[in-house]
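Coordinates as given in coords_22.txt (compact mmCIF, C-alpha atoms and all ligand atoms):
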# COMPACT_ATOMS: atom_id res chain seq x y z
CA MET A 67 121.19 125.34 65.05
CA THR A 68 124.65 124.27 66.13
CA ASN A 69 125.61 120.62 66.19
CA LEU A 70 124.22 118.52 68.95
CA ASP A 71 126.91 116.03 69.91
CA LEU A 72 125.79 114.09 72.94
CA VAL A 73 127.20 111.29 75.07
CA LEU A 74 124.90 109.44 77.47
CA LEU A 75 126.76 108.07 80.46
CA GLY A 76 125.42 105.94 83.28
CA MET A 77 125.37 102.53 84.88
CA PRO A 78 123.66 99.79 82.90
CA GLY A 79 119.97 99.89 83.76
CA THR A 80 119.61 103.63 84.29
CA GLY A 81 117.25 103.87 81.31
CA LYS A 82 119.82 105.34 78.91
CA GLY A 83 118.58 103.28 76.00
CA THR A 84 114.96 104.37 76.49
CA GLN A 85 115.97 108.01 76.83
CA ALA A 86 118.26 107.77 73.82
CA LYS A 87 115.32 106.74 71.62
CA ILE A 88 113.34 109.77 72.82
CA LEU A 89 116.24 112.16 72.28
CA LYS A 90 116.85 110.76 68.82
CA GLU A 91 113.25 111.53 67.82
CA LYS A 92 113.18 114.95 69.42
CA TYR A 93 116.46 116.24 68.01
CA GLY A 94 116.62 114.21 64.80
CA ILE A 95 120.12 112.92 65.44
CA PRO A 96 121.38 109.36 64.99
CA HIS A 97 121.42 107.18 68.08
CA ILE A 98 124.57 105.08 68.22
CA SER A 99 124.33 102.33 70.81
CA THR A 100 127.40 100.11 70.92
CA GLY A 101 125.46 97.46 72.86
CA GLU A 102 122.78 97.36 70.14
CA LEU A 103 125.36 97.31 67.36
CA PHE A 104 127.06 94.35 69.00
CA ARG A 105 123.83 92.45 69.71
CA GLU A 106 122.76 92.92 66.10
CA ALA A 107 126.15 91.68 64.86
CA ILE A 108 125.86 88.62 67.10
CA THR A 109 122.36 87.82 65.82
CA LYS A 110 123.53 88.16 62.23
CA LYS A 111 126.70 86.16 63.02
CA THR A 112 128.94 88.70 61.27
CA VAL A 113 132.73 88.70 61.75
CA LEU A 114 132.30 91.39 64.40
CA GLY A 115 129.52 89.40 66.08
CA VAL A 116 131.69 86.31 66.37
CA LYS A 117 134.53 88.40 67.85
CA VAL A 118 132.42 90.05 70.55
CA ALA A 119 129.88 87.36 71.52
CA ASP A 120 131.83 85.92 74.48
CA PHE A 121 132.48 89.35 75.99
CA LEU A 122 128.78 90.22 75.97
CA ARG A 123 127.69 86.88 77.34
CA GLU A 124 130.11 87.23 80.25
CA GLY A 125 129.30 90.89 80.90
CA LYS A 126 132.88 91.91 80.11
CA LEU A 127 133.91 94.90 78.06
CA VAL A 128 134.77 94.38 74.41
CA PRO A 129 138.43 95.42 73.90
CA ASP A 130 138.91 99.15 73.28
CA GLU A 131 140.48 98.66 69.88
CA ILE A 132 137.42 96.85 68.49
CA VAL A 133 134.90 99.30 69.98
CA ASN A 134 136.86 102.37 68.92
CA ASN A 135 137.02 101.15 65.34
CA VAL A 136 133.31 100.47 65.16
CA VAL A 137 132.28 103.82 66.67
CA LEU A 138 134.79 106.07 64.97
CA GLU A 139 133.90 104.61 61.57
CA ARG A 140 130.19 105.10 62.30
CA LEU A 141 130.81 108.75 63.25
CA LYS A 142 132.29 109.41 59.81
CA GLU A 143 128.96 108.69 58.14
CA ASN A 144 127.04 111.62 56.70
CA ASP A 145 124.10 111.48 59.08
CA CYS A 146 126.44 112.33 61.99
CA ARG A 147 127.36 115.72 60.54
CA LYS A 148 124.45 117.45 62.23
CA GLY A 149 125.09 115.69 65.52
CA PHE A 150 124.91 112.32 67.20
CA LEU A 151 123.96 110.61 70.41
CA LEU A 152 126.37 108.05 71.77
CA ASP A 153 124.84 105.52 74.14
CA GLY A 154 127.15 103.08 75.93
CA TYR A 155 130.31 104.63 74.52
CA PRO A 156 132.82 105.62 75.78
CA ARG A 157 133.07 103.15 78.63
CA THR A 158 136.78 103.43 79.47
CA VAL A 159 139.17 106.35 79.71
CA GLU A 160 141.04 104.94 76.71
CA GLN A 161 137.85 105.07 74.65
CA ALA A 162 137.16 108.63 75.83
CA LYS A 163 140.61 109.68 74.70
CA ALA A 164 140.11 108.06 71.30
CA LEU A 165 136.81 109.91 70.93
CA ASP A 166 138.39 113.23 71.95
CA GLU A 167 141.08 112.77 69.39
CA ALA A 168 138.65 111.87 66.61
CA LEU A 169 136.41 114.85 67.33
CA SER A 170 139.08 117.46 67.98
CA SER A 171 139.88 117.86 64.30
CA GLY A 172 136.25 118.74 63.52
CA GLY A 173 136.09 121.28 66.38
CA LYS A 174 133.10 119.42 67.80
CA LYS A 175 131.94 120.25 71.31
CA VAL A 176 130.43 117.31 73.12
CA LYS A 177 127.95 117.43 75.98
CA VAL A 178 128.14 114.48 78.35
CA LEU A 179 124.89 113.63 80.11
CA SER A 180 125.36 111.45 83.15
CA VAL A 181 122.16 109.69 84.22
CA GLN A 182 122.36 108.82 87.89
CA LEU A 183 120.42 106.23 89.83
CA ASP A 184 121.18 104.29 93.00
CA GLU A 185 122.40 100.74 92.62
CA GLU A 186 119.42 99.08 94.30
CA GLU A 187 117.08 100.62 91.74
CA VAL A 188 119.44 99.69 88.91
CA LEU A 189 119.31 96.04 90.04
CA ARG A 190 115.50 95.99 90.01
CA ARG A 191 115.40 97.55 86.58
CA LEU A 192 117.95 95.14 85.09
CA SER A 193 116.74 91.93 86.68
CA GLY A 194 113.11 92.82 85.90
CA ARG A 195 113.68 93.77 82.28
CA ARG A 196 111.99 91.63 79.62
CA ILE A 197 112.09 92.17 75.89
CA CYS A 198 109.76 91.01 73.15
CA GLU A 199 111.75 88.63 70.99
CA LYS A 200 109.68 89.66 67.96
CA CYS A 201 109.37 93.47 68.07
CA GLY A 202 111.91 94.47 70.76
CA LYS A 203 109.39 96.30 72.98
CA GLU A 204 110.63 96.52 76.57
CA TYR A 205 108.78 95.60 79.75
CA ASN A 206 109.69 95.26 83.40
CA ILE A 207 108.13 92.66 85.67
CA PHE A 208 108.22 95.15 88.57
CA TYR A 209 107.12 98.33 86.80
CA VAL A 210 105.83 97.89 83.27
CA ARG A 211 104.01 94.59 83.18
CA PRO A 212 102.38 93.24 80.04
CA LYS A 213 98.63 92.58 80.19
CA VAL A 214 99.27 88.84 79.86
CA SER A 215 102.35 87.55 81.64
CA GLY A 216 105.18 86.67 79.23
CA ILE A 217 103.39 88.00 76.13
CA CYS A 218 103.97 91.29 74.29
CA ASP A 219 100.93 93.64 74.32
CA ALA A 220 101.92 95.10 70.97
CA CYS A 221 102.52 92.03 68.80
CA GLY A 222 101.79 88.90 70.85
CA GLY A 223 105.48 87.88 70.75
CA LYS A 224 107.17 86.01 73.58
CA LEU A 225 108.91 88.10 76.27
CA ILE A 226 112.44 87.00 77.03
CA GLN A 227 115.26 88.07 79.32
CA ARG A 228 118.44 89.34 77.67
CA ASP A 229 121.31 86.93 78.35
CA ASP A 230 123.30 89.70 79.98
CA ASP A 231 120.39 90.65 82.27
CA LYS A 232 120.72 87.35 84.12
CA ASN A 233 121.90 87.73 87.74
CA GLU A 234 125.52 86.63 87.45
CA THR A 235 126.12 88.79 84.39
CA ILE A 236 124.42 91.81 85.98
CA LYS A 237 126.85 91.52 88.91
CA LYS A 238 129.77 91.43 86.51
CA ARG A 239 128.47 94.38 84.46
CA LEU A 240 128.15 96.52 87.59
CA GLU A 241 131.66 95.57 88.74
CA VAL A 242 132.97 96.52 85.33
CA TYR A 243 131.08 99.82 85.51
CA TRP A 244 132.66 100.79 88.85
CA ALA A 245 136.14 99.72 87.83
CA GLN A 246 136.30 101.01 84.26
CA THR A 247 133.47 103.37 83.41
CA SER A 248 132.85 105.43 86.56
CA PRO A 249 136.28 107.18 86.24
CA LEU A 250 134.82 108.86 83.15
CA ILE A 251 132.66 111.03 85.40
CA GLU A 252 135.76 112.69 86.84
CA TYR A 253 137.39 112.77 83.40
CA TYR A 254 134.52 114.76 81.87
CA LYS A 255 133.93 116.86 84.98
CA LYS A 256 137.50 118.13 84.70
CA LYS A 257 136.84 119.09 81.10
CA GLY A 258 133.76 121.04 82.19
CA ILE A 259 131.38 119.19 79.86
CA LEU A 260 129.61 116.90 82.34
CA PHE A 261 125.91 117.44 83.07
CA THR A 262 124.32 115.27 85.75
CA VAL A 263 120.69 114.23 85.49
CA ASN A 264 118.64 112.39 88.11
CA GLY A 265 117.43 109.13 86.54
CA SER A 266 114.69 108.30 89.05
CA GLY A 267 110.98 108.73 88.36
CA SER A 268 109.03 108.17 85.18
CA VAL A 269 110.44 108.06 81.67
CA THR A 270 108.82 111.44 80.93
CA GLU A 271 110.24 113.04 84.05
CA VAL A 272 113.75 111.96 83.13
CA SER A 273 113.32 113.12 79.50
CA GLU A 274 112.17 116.55 80.70
CA ARG A 275 115.30 116.85 82.83
CA LEU A 276 117.45 115.86 79.87
CA PHE A 277 115.73 118.34 77.50
CA LYS A 278 116.38 121.10 80.01
CA VAL A 279 120.08 120.30 80.35
CA ILE A 280 120.52 119.90 76.58
CA GLY A 281 118.93 123.30 76.08
CA GLU A 282 121.40 124.97 78.45
CA LYS A 283 124.45 126.68 77.01
P1 LIG B 1 124.84 97.80 76.76
O1 LIG B 1 123.66 97.39 75.97
O2 LIG B 1 125.29 99.22 76.47
O3 LIG B 1 124.71 97.56 78.24
O4 LIG B 1 126.08 96.89 76.26
C1 LIG B 1 126.02 95.48 76.34
C2 LIG B 1 127.42 94.88 76.30
O5 LIG B 1 128.10 95.27 75.09
C3 LIG B 1 128.36 95.32 77.42
O6 LIG B 1 128.16 94.58 78.61
C4 LIG B 1 129.72 95.04 76.78
O7 LIG B 1 130.02 93.66 76.75
C5 LIG B 1 129.49 95.47 75.33
N1 LIG B 1 129.77 96.92 75.13
C6 LIG B 1 128.88 97.88 74.79
N2 LIG B 1 129.47 99.07 74.68
C7 LIG B 1 130.78 98.88 74.97
C8 LIG B 1 131.91 99.73 75.04
N3 LIG B 1 131.81 101.04 74.81
N4 LIG B 1 133.11 99.17 75.36
C9 LIG B 1 133.22 97.86 75.60
N5 LIG B 1 132.20 96.99 75.56
C10 LIG B 1 130.97 97.48 75.25
Show me the file's structure as structure tokens.
Amino acid sequence: MTNLDLVLLGMPGTGKGTQAKILKEKYGIPHISTGELFREAITKKTVLGVKVADFLREGKLVPDEIVNNVVLERLKENDCRKGFLLDGYPRTVEQAKALDEALSSGGKKVKVLSVQLDEEEVLRRLSGRRICEKCGKEYNIFYVRPKVSGICDACGGKLIQRDDDKNETIKKRLEVYWAQTSPLIEYYKKKGILFTVNGSGSVTEVSERLFKVIGEK
């Protein structure tokens, strides 16, 4: 099989992270989520974590130079030879250009999957999202409620709201999306590598749509 080099694009809250985990399992490719990498670095208080913490808390983008370094180094690792799935990167045209340049030497052909959902639905998904602080399992107070309010079904851990899922930060993240990330749709459309997928409906419905598009030439 040829390499499967995928980029998942979409507003925060479109379910990219959930779909990425499914795609990773199905295709056996590494899932590289810049948001997760940063959150992990912040928890571990690494040098990177200290540098990026304020940006995440305020819902602002981490500067391109920092993000590009992290991702382009990660892509050099052996497990990315057979393909990769980028989730949350690129988020600016500058980042997209850096990625193009890094991949052009390897002759890699990327498929960009744009998951689309209207903003009202995105707001419900983000503001309703709760995460188990122990095992990371995700819930939503509107759609996927735990059996006992505030407690994880799987491990009994406490369900918390991500700092950047709080209302003010959500507003900022959406503003940032429209100003800096949405131009990427046009950027990739022009290159002829953009595939649009409807993000509404159940997790399985969206995965099926993604599988279909990934399978297309
Ligand atoms: P996410 O989990 O993808 O929504 O990312 C959470 C936060 O991490 C974002 O609000 C940004 O502060 C930061 N972040 C993640 N990916 C990027 C990126 N590609 N460029 C800049 N900042 C990013």
Using all atoms listed in the file, find each protein or nucleic acid residue lying at most 9 Å from ligand LIG 1 (chain B); present the set as a PyMOL selection string.
chain A and resi 77-79+82-83+99-105+118-130+132-134+137+153-158+161+230+235-236+238-239+242
Would you kindly return, as a list of chain:residue names, each protein, DNA or RNA residue with an atom no farther than 10 Å from any atom of A:Ser193, considering all atoms listed in the file and excluding same-chain residues fewer than 3 positions away?
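Here the qualifying residues turn out to be A:Gly79, A:Val188, A:Leu189, A:Arg190, A:Arg196, A:Asn206, A:Ile207, A:Phe208, A:Gln227, A:Arg228, A:Asp230, A:Asp231, A:Lys232, A:Asn233, A:Ile236.
If you count only C-alpha atoms and ignore residues fewer than 3 places along the chain from A:Arg147, what sits within 10 Å of it is Asn69, Leu70, Asp71, Ile95, Pro96, Leu141, Lys142, Glu143, Asn144, Phe150, Gly172 and Lys174 of chain A.
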Dump as a PDB file, in the frame of the given file, selection limited to C-alpha atoms:
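The file below, part_1.pdb, is the result:
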ATOM      1  CA  ASN A  69     125.610 120.620  66.190  1.00  0.00           C
ATOM      2  CA  LEU A  70     124.220 118.520  68.950  1.00  0.00           C
ATOM      3  CA  ASP A  71     126.910 116.030  69.910  1.00  0.00           C
ATOM      4  CA  ILE A  95     120.120 112.920  65.440  1.00  0.00           C
ATOM      5  CA  PRO A  96     121.380 109.360  64.990  1.00  0.00           C
ATOM      6  CA  LEU A 141     130.810 108.750  63.250  1.00  0.00           C
ATOM      7  CA  LYS A 142     132.290 109.410  59.810  1.00  0.00           C
ATOM      8  CA  GLU A 143     128.960 108.690  58.140  1.00  0.00           C
ATOM      9  CA  ASN A 144     127.040 111.620  56.700  1.00  0.00           C
ATOM     10  CA  PHE A 150     124.910 112.320  67.200  1.00  0.00           C
ATOM     11  CA  GLY A 172     136.250 118.740  63.520  1.00  0.00           C
ATOM     12  CA  LYS A 174     133.100 119.420  67.800  1.00  0.00           C
TER      13      LYS A 174
END
Which residues are near A:Thr80? Cut-off 10 Å, all atoms listed in the file, ignore same chain within fewer than 2 positions. Put them as a list in words.
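The neighbour list is Leu75, Gly76, Met77, Pro78, Lys82, Gly83, Thr84, Gln85, Ser180, Val181, Gln182, Leu183, Asp184, Glu185, Glu187, Val188, Leu189, Arg191, Leu192, Asn264, Gly265 and Ser266 of chain A.
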In Å, rounded to a single decimal, give me how far atom CA of A:Leu152 is from atom CA of A:Val73.
4.7 Å
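Here atom CA of A:Ser215 stands at a distance of 16.4 Å from atom CA of A:Cys201.
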